[in-house]
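Shown next: start-v4.cif, given as mmCIF, C-alpha atoms.
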data_entry
loop_
_atom_site.label_atom_id
_atom_site.label_comp_id
_atom_site.auth_asym_id
_atom_site.auth_seq_id
_atom_site.Cartn_x
_atom_site.Cartn_y
_atom_site.Cartn_z
CA MET C 1174 115.53 116.31 87.14
CA ASN C 1175 118.41 113.96 87.76
CA TYR C 1176 117.73 110.46 89.06
CA ASN C 1177 117.76 111.33 92.75
CA GLU C 1178 115.47 114.28 92.13
CA SER C 1179 113.05 112.08 90.20
CA ILE C 1180 112.89 109.63 93.12
CA ALA C 1181 112.29 112.49 95.56
CA TYR C 1182 109.49 113.73 93.27
CA LEU C 1183 107.81 110.32 93.24
CA ASP C 1184 108.14 109.99 97.00
CA SER C 1185 106.52 113.39 97.43
CA LEU C 1186 103.49 112.16 95.48
CA GLY C 1187 102.92 109.37 97.99
CA GLN C 1188 100.94 111.84 100.12
CA PHE C 1189 98.10 111.73 97.58
CA GLY C 1190 97.58 108.00 98.19
CA ILE C 1191 95.07 105.96 96.18
CA ARG C 1192 92.50 108.02 94.29
CA LEU C 1193 90.57 105.97 91.76
CA GLY C 1194 89.21 107.70 88.67
CA MET C 1195 90.25 108.25 85.09
CA ASP C 1196 90.12 112.03 84.58
CA ARG C 1197 93.71 112.78 85.64
CA ILE C 1198 95.35 110.02 83.61
CA LYS C 1199 93.17 110.83 80.57
CA GLU C 1200 94.34 114.46 80.58
CA LEU C 1201 97.94 113.44 81.11
CA LEU C 1202 98.00 110.91 78.29
CA PHE C 1203 96.23 113.41 76.02
CA VAL C 1204 98.95 116.05 76.40
CA LEU C 1205 101.62 113.34 75.96
CA GLY C 1206 100.12 112.48 72.56
CA HIS C 1207 98.37 109.27 73.64
CA PRO C 1208 101.43 106.99 73.85
CA GLU C 1209 99.17 104.14 75.03
CA ASN C 1210 97.62 104.04 71.56
CA GLN C 1211 101.01 103.75 69.84
CA ILE C 1212 101.87 100.32 71.25
CA ARG C 1213 100.33 96.84 71.27
CA THR C 1214 99.58 95.68 74.79
CA ILE C 1215 98.62 92.71 76.93
CA HIS C 1216 96.64 93.70 80.02
CA VAL C 1217 96.95 91.62 83.23
CA ALA C 1218 94.66 91.95 86.26
CA GLY C 1219 93.93 89.71 89.25
CA THR C 1220 94.36 89.42 93.01
CA ASN C 1221 97.42 87.18 93.04
CA GLY C 1222 99.71 85.98 90.27
CA LYS C 1223 99.71 89.16 88.15
CA GLY C 1224 103.47 89.54 88.38
CA SER C 1225 104.20 85.90 87.60
CA VAL C 1226 101.84 85.87 84.61
CA SER C 1227 103.20 89.19 83.32
CA SER C 1228 106.77 87.87 83.54
CA LEU C 1229 105.88 84.57 81.85
CA ILE C 1230 104.17 86.32 78.94
CA THR C 1231 107.04 88.80 78.64
CA ASP C 1232 109.67 86.05 78.51
CA ILE C 1233 107.71 84.11 75.88
CA LEU C 1234 107.51 87.20 73.66
CA ARG C 1235 111.17 88.05 74.27
CA HIS C 1236 112.24 84.56 73.25
CA ALA C 1237 110.45 85.15 69.95
CA GLY C 1238 112.92 87.95 69.31
CA LEU C 1239 110.38 90.70 69.99
CA LYS C 1240 111.04 94.01 71.71
CA VAL C 1241 108.95 93.84 74.88
CA GLY C 1242 108.16 96.32 77.64
CA LYS C 1243 106.74 95.37 81.03
CA PHE C 1244 105.06 97.59 83.60
CA THR C 1245 104.47 96.10 87.05
CA SER C 1246 104.07 97.17 90.67
CA PRO C 1247 105.14 97.47 93.39
CA HIS C 1248 108.91 97.40 93.17
CA LEU C 1249 111.09 95.52 95.62
CA VAL C 1250 114.18 97.76 95.82
CA LYS C 1251 114.09 100.49 93.12
CA TYR C 1252 111.32 102.23 91.22
CA ASN C 1253 113.18 101.29 88.02
CA GLU C 1254 111.98 97.69 88.43
CA ARG C 1255 108.45 98.79 87.50
CA ILE C 1256 109.42 99.75 83.95
CA GLN C 1257 111.41 97.12 82.07
CA LEU C 1258 112.55 96.76 78.48
CA ASP C 1259 113.58 93.32 77.22
CA GLY C 1260 113.94 92.00 80.75
CA ARG C 1261 116.09 94.87 82.06
CA ASP C 1262 115.09 97.67 84.40
CA ILE C 1263 114.98 101.11 82.84
CA GLY C 1264 118.31 102.91 83.39
CA ASP C 1265 118.61 105.73 85.90
CA ASP C 1266 119.17 108.43 83.26
CA GLU C 1267 116.27 107.23 81.09
CA PHE C 1268 114.04 106.99 84.13
CA ALA C 1269 114.85 110.56 85.15
CA ALA C 1270 114.29 111.81 81.59
CA VAL C 1271 110.81 110.30 81.14
CA LEU C 1272 109.78 111.30 84.68
CA THR C 1273 110.89 114.87 83.99
CA ARG C 1274 108.80 115.07 80.84
CA VAL C 1275 105.71 113.59 82.49
CA ARG C 1276 106.13 115.82 85.57
CA ASP C 1277 106.37 118.95 83.42
CA PHE C 1278 103.16 118.11 81.58
CA ALA C 1279 101.42 117.23 84.85
CA ASN C 1280 102.49 120.51 86.47
CA ASP C 1281 101.19 122.43 83.46
CA LEU C 1282 97.83 120.66 83.66
CA VAL C 1283 97.51 121.42 87.36
CA ALA C 1284 98.57 125.07 86.86
CA HIS C 1285 95.87 125.50 84.23
CA LYS C 1286 93.33 123.67 86.41
CA ALA C 1287 92.79 121.05 83.72
CA CYS C 1288 92.93 118.36 86.42
CA GLU C 1289 93.97 117.65 89.99
CA GLN C 1290 97.51 116.60 90.81
CA PRO C 1291 98.01 113.09 89.33
CA THR C 1292 98.90 110.38 91.83
CA GLN C 1293 102.25 108.63 92.01
CA PHE C 1294 100.88 105.59 90.21
CA GLU C 1295 99.33 107.73 87.47
CA ILE C 1296 102.66 109.48 86.89
CA LEU C 1297 104.44 106.13 86.68
CA THR C 1298 101.78 104.71 84.36
CA ALA C 1299 102.11 107.67 82.00
CA ALA C 1300 105.90 107.41 82.16
CA ALA C 1301 105.76 103.73 81.24
CA PHE C 1302 103.47 104.31 78.26
CA HIS C 1303 105.61 107.24 77.12
CA TYR C 1304 108.83 105.23 77.42
CA PHE C 1305 107.45 102.19 75.60
CA ALA C 1306 106.16 104.39 72.77
CA LEU C 1307 109.56 106.10 72.44
CA GLN C 1308 111.24 102.68 72.35
CA LYS C 1309 108.76 101.45 69.70
CA VAL C 1310 108.21 98.16 71.50
CA ASP C 1311 106.49 95.30 69.69
CA TYR C 1312 104.41 94.63 72.80
CA ALA C 1313 104.05 95.99 76.31
CA VAL C 1314 102.75 93.77 79.10
CA ILE C 1315 100.81 96.04 81.44
CA GLU C 1316 99.95 94.94 84.96
CA VAL C 1317 96.95 96.55 86.64
CA GLY C 1318 97.80 98.45 89.80
CA LEU C 1319 94.55 98.07 91.73
CA GLY C 1320 91.26 96.53 90.65
CA GLY C 1321 90.78 97.15 86.96
CA LEU C 1322 87.77 99.25 86.03
CA TRP C 1323 89.09 102.50 87.53
CA ASP C 1324 92.79 101.67 87.33
CA SER C 1325 94.93 104.18 85.46
CA THR C 1326 96.21 101.46 83.11
CA ASN C 1327 92.68 100.83 81.84
CA LEU C 1328 92.85 103.21 78.88
CA ILE C 1329 94.47 100.65 76.58
CA LYS C 1330 92.78 98.32 74.12
CA PRO C 1331 94.99 95.23 74.40
CA VAL C 1332 95.33 92.30 72.04
CA VAL C 1333 94.37 90.03 74.96
CA SER C 1334 93.15 90.63 78.50
CA VAL C 1335 94.15 88.40 81.41
CA ILE C 1336 92.50 88.03 84.83
CA THR C 1337 94.60 85.67 86.93
CA ASN C 1338 92.39 84.93 89.92
CA ILE C 1339 90.05 86.66 92.36
CA ALA C 1340 90.30 86.69 96.15
CA LEU C 1341 89.53 89.08 99.00
CA ASP C 1342 92.03 91.94 99.07
CA HIS C 1343 91.74 95.75 99.11
CA THR C 1344 88.16 95.21 100.29
CA LYS C 1345 87.73 98.83 101.44
CA VAL C 1346 88.30 99.99 97.88
CA LEU C 1347 87.13 97.13 95.66
CA GLY C 1348 84.26 95.61 97.65
CA GLY C 1349 83.69 93.13 100.43
CA THR C 1350 82.81 90.04 98.36
CA VAL C 1351 84.64 88.13 95.64
CA GLU C 1352 81.78 88.93 93.29
CA GLU C 1353 82.19 92.69 93.80
CA ILE C 1354 85.96 92.44 93.38
CA ALA C 1355 85.53 90.27 90.26
CA LEU C 1356 83.31 92.94 88.74
CA GLN C 1357 86.08 95.50 89.26
CA LYS C 1358 88.68 93.19 87.68
CA ALA C 1359 86.32 92.44 84.79
CA GLY C 1360 86.37 96.15 84.02
CA ILE C 1361 89.50 95.58 81.90
CA ILE C 1362 87.51 93.47 79.41
CA LYS C 1363 87.21 95.30 76.09
CA GLU C 1364 84.87 94.93 73.15
CA LYS C 1365 85.68 91.69 71.23
CA VAL C 1366 89.13 91.39 72.85
CA PRO C 1367 89.86 87.79 74.00
CA VAL C 1368 90.00 87.17 77.76
CA VAL C 1369 91.95 84.44 79.58
CA THR C 1370 91.22 83.82 83.24
CA GLY C 1371 92.20 81.58 86.12
CA ALA C 1372 89.22 82.74 88.19
CA GLU C 1373 86.85 80.14 89.63
CA GLY C 1374 83.79 79.72 91.83
CA ASN C 1375 81.68 82.78 92.62
CA ALA C 1376 84.30 85.07 91.08
CA LEU C 1377 83.80 83.62 87.62
CA GLY C 1378 80.19 84.78 87.13
CA PRO C 1379 80.85 88.53 86.79
CA ILE C 1380 83.71 87.83 84.36
CA GLN C 1381 81.47 85.61 82.22
CA VAL C 1382 78.72 88.21 82.20
CA MET C 1383 81.08 91.04 81.25
CA ALA C 1384 82.74 88.96 78.52
CA ALA C 1385 79.35 88.09 77.05
CA PHE C 1386 78.25 91.75 77.20
CA LYS C 1387 81.46 92.85 75.45
CA GLN C 1388 81.32 89.95 72.95
CA ALA C 1389 84.81 89.02 74.14
CA PRO C 1390 85.89 85.38 73.61
CA LEU C 1391 86.51 83.85 77.06
CA TYR C 1392 89.02 81.11 77.93
CA VAL C 1393 88.59 79.74 81.46
CA TYR C 1394 91.14 77.63 83.35
CA GLY C 1395 89.55 74.30 84.23
CA GLN C 1396 87.12 74.55 81.31
CA SER C 1397 88.85 75.66 78.09
CA PHE C 1398 92.27 74.49 79.30
CA HIS C 1399 94.03 73.10 82.37
CA GLY C 1400 97.44 72.08 83.67
CA GLU C 1401 98.41 68.69 85.14
CA SER C 1402 101.38 68.42 87.53
CA LEU C 1403 104.02 65.85 86.54
CA THR C 1404 107.02 66.53 88.81
CA SER C 1405 107.72 69.24 91.37
CA SER C 1406 110.36 70.52 93.80
CA MET C 1407 111.49 73.83 95.25
CA ASP C 1408 113.72 74.16 92.18
CA GLY C 1409 110.80 74.00 89.75
CA GLN C 1410 108.31 71.62 88.19
CA THR C 1411 107.02 70.06 85.02
CA PHE C 1412 103.40 69.98 83.96
CA ARG C 1413 101.21 69.09 81.01
CA LEU C 1414 99.05 71.82 79.50
CA CYS C 1415 95.87 70.54 77.86
CA ALA C 1416 93.73 72.88 75.77
CA GLY C 1417 90.66 71.61 73.96
CA THR C 1418 90.92 68.23 72.27
CA ASN C 1419 93.89 68.95 70.04
CA TYR C 1420 96.60 70.38 72.31
CA ALA C 1421 98.61 68.68 75.03
CA SER C 1422 102.24 69.58 75.69
CA GLU C 1423 104.68 69.21 78.58
CA TYR C 1424 106.33 72.30 80.02
CA THR C 1425 109.23 72.89 82.41
CA LEU C 1426 108.70 75.71 84.91
CA ALA C 1427 111.33 77.18 87.21
CA LEU C 1428 108.72 78.68 89.57
CA ALA C 1429 107.79 76.58 92.59
CA GLY C 1430 104.27 76.02 93.95
CA ASP C 1431 101.18 74.28 92.60
CA HIS C 1432 99.53 77.67 91.99
CA GLN C 1433 102.21 78.49 89.43
CA ILE C 1434 100.91 75.74 87.14
CA ARG C 1435 97.66 77.67 86.86
CA ASN C 1436 99.54 80.94 86.33
CA ALA C 1437 101.81 79.43 83.68
CA SER C 1438 98.85 77.84 81.89
CA VAL C 1439 97.03 81.17 81.80
CA ALA C 1440 100.14 82.92 80.47
CA ILE C 1441 100.75 80.31 77.76
CA VAL C 1442 97.17 80.45 76.51
CA ALA C 1443 97.32 84.27 76.42
CA ALA C 1444 100.57 84.11 74.43
CA LYS C 1445 99.05 81.54 72.05
CA ILE C 1446 96.19 83.95 71.40
CA VAL C 1447 98.72 86.68 70.55
CA SER C 1448 100.53 84.22 68.26
CA LYS C 1449 97.39 83.77 66.17
CA SER C 1450 97.97 87.23 64.71
CA ASP C 1451 101.77 87.18 65.06
CA PRO C 1452 103.49 84.17 63.47
CA ARG C 1453 106.83 85.24 64.96
CA ILE C 1454 105.71 83.57 68.21
CA THR C 1455 106.26 79.82 67.88
CA GLU C 1456 105.61 76.73 70.00
CA GLU C 1457 109.29 76.61 70.86
CA ASP C 1458 109.08 80.18 72.20
CA LEU C 1459 106.25 79.16 74.53
CA HIS C 1460 108.35 76.38 76.06
CA ALA C 1461 111.60 78.35 76.25
CA GLY C 1462 109.98 81.46 77.71
CA VAL C 1463 108.25 79.51 80.46
CA ARG C 1464 111.41 77.53 81.22
CA GLU C 1465 113.50 80.70 81.62
CA THR C 1466 111.11 82.81 83.71
CA ARG C 1467 112.19 83.87 87.18
CA TRP C 1468 110.13 86.08 89.50
CA PRO C 1469 111.95 87.49 92.57
CA GLY C 1470 110.27 87.55 95.94
CA ARG C 1471 107.76 84.80 95.22
CA LEU C 1472 108.81 81.47 96.75
CA GLU C 1473 112.36 82.54 95.96
CA ARG C 1474 114.97 80.37 97.66
CA ILE C 1475 118.10 82.46 98.14
CA GLY C 1476 120.14 80.40 100.59
CA ARG C 1477 120.96 76.96 101.94
CA GLN C 1478 122.02 75.70 105.39
CA PRO C 1479 119.55 76.88 106.42
CA ASP C 1480 117.21 77.15 103.46
CA VAL C 1481 116.08 80.79 103.16
CA ILE C 1482 112.91 81.55 101.20
CA LEU C 1483 111.42 84.95 100.34
CA ASP C 1484 107.74 85.30 99.58
CA GLY C 1485 105.63 88.44 99.30
CA ALA C 1486 102.37 86.73 100.32
CA HIS C 1487 100.25 89.51 101.81
CA ASN C 1488 96.68 88.23 101.74
CA PRO C 1489 94.91 84.98 102.71
CA ASN C 1490 95.08 83.54 99.20
CA GLY C 1491 98.82 84.14 98.96
CA ALA C 1492 99.38 82.85 102.49
CA ARG C 1493 97.58 79.61 101.63
CA ALA C 1494 99.75 79.10 98.53
CA LEU C 1495 102.90 79.68 100.59
CA ARG C 1496 101.86 77.40 103.45
CA ASP C 1497 100.79 74.60 101.08
CA THR C 1498 104.16 74.76 99.34
CA LEU C 1499 106.10 74.68 102.60
CA ASP C 1500 104.05 71.71 103.85
CA LYS C 1501 104.66 69.91 100.57
CA PHE C 1502 108.43 70.33 100.38
CA TYR C 1503 109.31 70.66 104.08
CA PRO C 1504 106.77 68.35 105.77
CA GLY C 1505 106.87 68.33 109.54
CA ARG C 1506 109.69 70.86 109.79
CA PRO C 1507 109.22 73.93 111.97
CA VAL C 1508 109.53 77.18 110.07
CA HIS C 1509 111.28 80.29 111.37
CA PHE C 1510 109.28 83.19 109.93
CA VAL C 1511 110.56 86.76 109.67
CA PHE C 1512 107.13 88.34 109.38
CA GLY C 1513 105.82 91.83 108.61
CA MET C 1514 102.57 93.06 107.09
CA MET C 1515 100.68 96.18 106.16
CA GLY C 1516 98.20 97.00 108.92
CA ASP C 1517 95.29 97.45 106.49
CA LYS C 1518 95.53 93.85 105.25
CA ALA C 1519 93.71 90.78 106.64
CA VAL C 1520 96.42 90.28 109.26
CA ASP C 1521 94.60 87.86 111.56
CA GLU C 1522 93.45 85.66 108.69
CA VAL C 1523 96.97 85.48 107.24
CA ILE C 1524 98.33 84.59 110.70
CA ARG C 1525 95.75 81.81 111.06
CA ILE C 1526 96.67 80.30 107.68
CA LEU C 1527 100.42 80.78 107.70
CA PHE C 1528 101.67 79.63 111.10
CA HIS C 1529 101.71 76.20 112.71
CA PRO C 1530 102.17 75.67 116.47
CA ALA C 1531 105.78 74.50 116.08
CA ASP C 1532 106.81 77.54 114.04
CA ARG C 1533 108.79 80.47 115.41
CA VAL C 1534 107.82 83.99 114.35
CA TYR C 1535 110.09 87.07 114.44
CA THR C 1536 107.94 90.12 113.74
CA VAL C 1537 109.13 93.40 112.17
CA ARG C 1538 107.67 96.50 110.54
CA ALA C 1539 107.32 95.71 106.84
CA ASP C 1540 108.60 99.18 105.90
CA ALA C 1541 108.88 102.72 107.25
CA GLY C 1542 105.52 103.83 105.88
CA THR C 1543 102.44 104.65 107.94
CA ARG C 1544 100.50 101.59 106.70
CA ALA C 1545 102.92 99.05 108.17
CA ALA C 1546 101.79 97.16 111.28
CA GLU C 1547 104.00 97.57 114.34
CA ALA C 1548 106.23 94.62 115.24
CA ALA C 1549 104.91 94.49 118.81
CA ASP C 1550 101.29 94.45 117.63
CA LEU C 1551 102.03 91.66 115.16
CA ALA C 1552 103.75 89.62 117.87
CA ARG C 1553 100.75 90.05 120.15
CA ARG C 1554 98.38 88.91 117.41
CA VAL C 1555 100.52 85.91 116.52
CA GLY C 1556 100.70 84.90 120.17
CA SER C 1557 102.97 82.27 121.71
CA GLY C 1558 106.31 81.85 119.95
CA ALA C 1559 106.39 85.35 118.43
CA ARG C 1560 109.09 87.94 119.22
CA PRO C 1561 109.17 91.55 117.98
CA PHE C 1562 112.37 93.05 116.51
CA ASP C 1563 113.35 96.60 115.63
CA ASP C 1564 114.67 95.73 112.16
CA VAL C 1565 114.72 92.96 109.60
CA GLY C 1566 118.47 92.37 109.93
CA ALA C 1567 118.25 91.58 113.64
CA ALA C 1568 115.16 89.42 113.13
CA PHE C 1569 116.81 87.46 110.34
CA ALA C 1570 120.01 86.95 112.33
CA ALA C 1571 117.99 85.51 115.22
CA ALA C 1572 115.87 83.34 112.94
CA ARG C 1573 118.88 81.93 111.11
CA ALA C 1574 120.79 81.21 114.30
CA GLU C 1575 117.88 79.42 115.93
CA ALA C 1576 116.97 77.50 112.77
CA GLY C 1577 120.48 76.04 112.49
CA PRO C 1578 122.04 74.68 109.29
CA ASP C 1579 119.29 72.10 108.79
CA GLY C 1580 116.45 74.55 109.40
CA LEU C 1581 114.15 76.71 107.31
CA VAL C 1582 113.83 80.51 107.40
CA VAL C 1583 111.02 82.26 105.51
CA VAL C 1584 110.75 86.04 105.08
CA ALA C 1585 107.10 86.74 104.32
CA GLY C 1586 104.02 88.90 104.81
CA SER C 1587 104.63 91.77 102.39
CA LEU C 1588 106.44 92.61 99.19
CA TYR C 1589 107.62 95.74 100.96
CA LEU C 1590 109.29 93.55 103.59
CA VAL C 1591 110.91 91.40 100.90
CA GLY C 1592 112.15 94.57 99.22
CA THR C 1593 113.61 95.88 102.48
CA PHE C 1594 115.32 92.53 103.01
CA LYS C 1595 116.79 92.51 99.50
CA ALA C 1596 118.03 96.08 99.91
CA GLN C 1597 119.97 94.98 102.99
CA LEU C 1598 121.41 91.79 101.53
CA ALA C 1599 124.87 93.34 101.29
CA LYS C 1600 124.95 93.99 105.04
CA LYS C 1601 127.01 91.66 107.21
CA ASP C 1602 124.08 90.72 109.44
CA LEU C 1603 122.25 89.27 106.43
CA ARG C 1604 125.25 87.57 104.87
CA GLY C 1605 126.25 85.95 108.11
CA GLU C 1606 129.72 87.48 108.22
#
Final structure tokens representation of the file:
Amino acid sequence: MNYNESIAYLDSLGQFGIRLGMDRIKELLFVLGHPENQIRTIHVAGTNGKGSVSSLITDILRHAGLKVGKFTSPHLVKYNERIQLDGRDIGDDEFAAVLTRVRDFANDLVAHKACEQPTQFEILTAAAFHYFALQKVDYAVIEVGLGGLWDSTNLIKPVVSVITNIALDHTKVLGGTVEEIALQKAGIIKEKVPVVTGAEGNALGPIQVMAAFKQAPLYVYGQSFHGESLTSSMDGQTFRLCAGTNYASEYTLALAGDHQIRNASVAIVAAKIVSKSDPRITEEDLHAGVRETRWPGRLERIGRQPDVILDGAHNPNGARALRDTLDKFYPGRPVHFVFGMMGDKAVDEVIRILFHPADRVYTVRADAGTRAAEAADLARRVGSGARPFDDVGAAFAAARAEAGPDGLVVVAGSLYLVGTFKAQLAKKDLRGE
């Protein structure tokens, strides 16, 4: 397959949707020669913050001069974003080559009835493992796709496991309580492999129980370590990380939002655990990696006059983090929201958290898929002050014009919406030409 054919192949697999279970990915990795066992990995699960933590750990390891792969999801604009090597997306030709190889093995398995057709995510997972093994990476940072226990990434034995936080999301698949969801996330914990977590409250119990059962050393934010805010702005922040009685160090972080202090602290402690068996990772690498990390689509300010912020918040926990940040740095200012969500998310709860009476909301479909909520339905659910639009370009143009040069425009509600927006950035209606 060439690149365009590989994308068409992946798109065709979308019809199979989410099908949890390990049989398909086990068979696929077996015929590929178990590439997941040929690389050292860091495994990252959680409801929110997985991408930020994965990027922070990756940048720390890269600054140590190590060859580092990263597998994340979803992508914003191109599938290539999901598979990165040393901070760069996999090239189109390489992407097509690894997808072709994985597809051929998958087709052979299906033809011989060794397994059902692997899902899109399983194909991408296998492709990432295969690519990282071919590249002989020093480490691969692997982000869980959904849950943990039955996720197709959960065939690795990492050097450290990370569970960022636990909140209600994907409740139809993972369970209707934080405890049930935490048990799914805790499924990534492996025998005697250290675990670092930012989970708290009722979500922490299942993680503690699983760690004890697996004899896995557990490091809990707020107990084993914590971060203290020193300075903060939309351009970044400084904080002090305290771990035990012997470690306290100040870090500079380019990511905005109080929640990123927790994420950065979790990432640093995970990297410090890796450094215990790899002296190439130094204290200076921890600081430099954190300082240099950027994570698109999460409180990302891309414009001024008016300020334009992109955020992929798509559940109540993410909406609260976004709203708290806006209230902190733009107190009392009405926000012009370009807003789209997936219809199977907690739409009403996100609306309740995210919008204030003085805000203006311009609703759109988050993407062309069947899961996206209709703009008119979103506007109805938001109520007074909401207007539906046919596309993100028109909604953004209206929001920017009404906000004025001193205003604030926020594109939020879904990473798919942020991706659609970024894909259209070159258009005149988004550049203001």
Worksheet entry | Chain and number of each residue from the PyMOL selection byres ((chain C and resi 1269-1281) around 6), as a ChimeraX atom specification | /C:1174-1176,1179,1266-1268,1282-1284,1300
Around the point (91.1, 98.0, 85.1) in the file's coordinates, collect all residues with an atom within 12 Å, using all atoms listed in the file, and return them as a PDB file with C-alpha atoms, keeping the file's coordinate frame.
ATOM      1  CA  LEU C1193      90.570 105.970  91.760  1.00  0.00           C
ATOM      2  CA  GLY C1194      89.210 107.700  88.670  1.00  0.00           C
ATOM      3  CA  MET C1195      90.250 108.250  85.090  1.00  0.00           C
ATOM      4  CA  HIS C1216      96.640  93.700  80.020  1.00  0.00           C
ATOM      5  CA  VAL C1217      96.950  91.620  83.230  1.00  0.00           C
ATOM      6  CA  ALA C1218      94.660  91.950  86.260  1.00  0.00           C
ATOM      7  CA  GLY C1219      93.930  89.710  89.250  1.00  0.00           C
ATOM      8  CA  ILE C1315     100.810  96.040  81.440  1.00  0.00           C
ATOM      9  CA  GLU C1316      99.950  94.940  84.960  1.00  0.00           C
ATOM     10  CA  VAL C1317      96.950  96.550  86.640  1.00  0.00           C
ATOM     11  CA  GLY C1318      97.800  98.450  89.800  1.00  0.00           C
ATOM     12  CA  LEU C1319      94.550  98.070  91.730  1.00  0.00           C
ATOM     13  CA  GLY C1320      91.260  96.530  90.650  1.00  0.00           C
ATOM     14  CA  GLY C1321      90.780  97.150  86.960  1.00  0.00           C
ATOM     15  CA  LEU C1322      87.770  99.250  86.030  1.00  0.00           C
ATOM     16  CA  TRP C1323      89.090 102.500  87.530  1.00  0.00           C
ATOM     17  CA  ASP C1324      92.790 101.670  87.330  1.00  0.00           C
ATOM     18  CA  SER C1325      94.930 104.180  85.460  1.00  0.00           C
ATOM     19  CA  THR C1326      96.210 101.460  83.110  1.00  0.00           C
ATOM     20  CA  ASN C1327      92.680 100.830  81.840  1.00  0.00           C
ATOM     21  CA  LEU C1328      92.850 103.210  78.880  1.00  0.00           C
ATOM     22  CA  ILE C1329      94.470 100.650  76.580  1.00  0.00           C
ATOM     23  CA  LYS C1330      92.780  98.320  74.120  1.00  0.00           C
ATOM     24  CA  PRO C1331      94.990  95.230  74.400  1.00  0.00           C
ATOM     25  CA  SER C1334      93.150  90.630  78.500  1.00  0.00           C
ATOM     26  CA  VAL C1335      94.150  88.400  81.410  1.00  0.00           C
ATOM     27  CA  ILE C1336      92.500  88.030  84.830  1.00  0.00           C
ATOM     28  CA  LEU C1347      87.130  97.130  95.660  1.00  0.00           C
ATOM     29  CA  ILE C1354      85.960  92.440  93.380  1.00  0.00           C
ATOM     30  CA  ALA C1355      85.530  90.270  90.260  1.00  0.00           C
ATOM     31  CA  LEU C1356      83.310  92.940  88.740  1.00  0.00           C
ATOM     32  CA  GLN C1357      86.080  95.500  89.260  1.00  0.00           C
ATOM     33  CA  LYS C1358      88.680  93.190  87.680  1.00  0.00           C
ATOM     34  CA  ALA C1359      86.320  92.440  84.790  1.00  0.00           C
ATOM     35  CA  GLY C1360      86.370  96.150  84.020  1.00  0.00           C
ATOM     36  CA  ILE C1361      89.500  95.580  81.900  1.00  0.00           C
ATOM     37  CA  ILE C1362      87.510  93.470  79.410  1.00  0.00           C
ATOM     38  CA  LYS C1363      87.210  95.300  76.090  1.00  0.00           C
TER      39      LYS C1363
END
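Minimum atom-to-atom distance to C:Asp1497, evaluated using all atoms listed in the file, belongs to C:Gly1430 out of C:Gly1516, C:Gly1485, C:Gly1430, C:Gly1577.
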The PyMOL selection byres ((chain C and resi 1365) around 7) on the file shown: which residues, as a compact mmCIF listing (two decimals) with C-alpha atoms, in the frame of the given file?
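And here is the file that came out, expr.txt:
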# COMPACT_ATOMS: atom_id res chain seq x y z
CA LYS C 1363 87.21 95.30 76.09
CA GLU C 1364 84.87 94.93 73.15
CA VAL C 1366 89.13 91.39 72.85
CA PRO C 1367 89.86 87.79 74.00
CA LYS C 1387 81.46 92.85 75.45
CA GLN C 1388 81.32 89.95 72.95
CA ALA C 1389 84.81 89.02 74.14
CA PRO C 1390 85.89 85.38 73.61
Practice prompt. Check which residues satisfy the PyMOL selection byres ((chain C and resi 1228) around 8) in the file shown, then give them as number ranges by chain.
Written response: C: 1224-1227, 1229-1232, 1243, 1466-1468
Worksheet item: Which of these residues is nearest to C:Val1583, using all atoms listed in the file: C:Gln1381, C:Gln1597, C:Asn1436, C:Thr1536?
Response: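 Between C:Gln1381, C:Gln1597, C:Asn1436, C:Thr1536, the residue approaching C:Val1583 most closely is C:Thr1536.
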Practice prompt. Go through C:Ala1552, C:Ile1441, C:Leu1581, C:Met1383 and flag the residue nearest C:Val1508, using all atoms listed in the file for the distances.
Written response: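 Nearest to C:Val1508: C:Leu1581.
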Practice prompt. Give the answer as one residue: which of C:Ala1299, C:Met1515, C:Met1407, C:Val1442 has the shortest atom-to-atom distance to C:Phe1502, using all atoms listed in the file?
Written response: C:Met1407
Practice prompt. Name the residues in contact with stretch 1304-1311 of chain C at a cut-off of 12 Å, using all atoms listed in the file, excluding same-chain residues fewer than 4 positions from it; report them as an MDAnalysis selection string.
Written response: chainID C and resid 1202 1205:1215 1231 1234:1235 1237:1244 1255:1259 1263:1264 1267:1275 1297:1300 1315 1332 1447 1451 1453:1454
Near-C:Ala1492 list (8 Å; only C-alpha atoms; drop same-chain fewer than 2 positions) as an mmCIF file with C-alpha atoms, keeping the file's coordinate frame:
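Dumped to part.cif:
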data_model
loop_
_atom_site.group_PDB
_atom_site.id
_atom_site.type_symbol
_atom_site.label_atom_id
_atom_site.label_comp_id
_atom_site.auth_asym_id
_atom_site.auth_seq_id
_atom_site.Cartn_x
_atom_site.Cartn_y
_atom_site.Cartn_z
ATOM 1 C CA ALA C 1486 102.370 86.730 100.320
ATOM 2 C CA HIS C 1487 100.250 89.510 101.810
ATOM 3 C CA ASN C 1488 96.680 88.230 101.740
ATOM 4 C CA PRO C 1489 94.910 84.980 102.710
ATOM 5 C CA ASN C 1490 95.080 83.540 99.200
ATOM 6 C CA ALA C 1494 99.750 79.100 98.530
ATOM 7 C CA LEU C 1495 102.900 79.680 100.590
ATOM 8 C CA ARG C 1496 101.860 77.400 103.450
ATOM 9 C CA VAL C 1523 96.970 85.480 107.240
ATOM 10 C CA ILE C 1526 96.670 80.300 107.680
ATOM 11 C CA LEU C 1527 100.420 80.780 107.700
ATOM 12 C CA GLY C 1586 104.020 88.900 104.810
#
Worksheet item: C:Arg1493, C:His1529, C:Arg1197, C:Lys1251: which is nearest C:Glu1295, counting all atoms listed in the file?
Response: C:Arg1197
Discussion item. Around the point (94.7, 75.6, 78.5) (coordinates from the file), which residues reach within 12 Å if we count all atoms listed in the file? Answer as a PyMOL selection string.
Written reply: chain C and resi 1369-1371+1391-1401+1412-1423+1434-1446
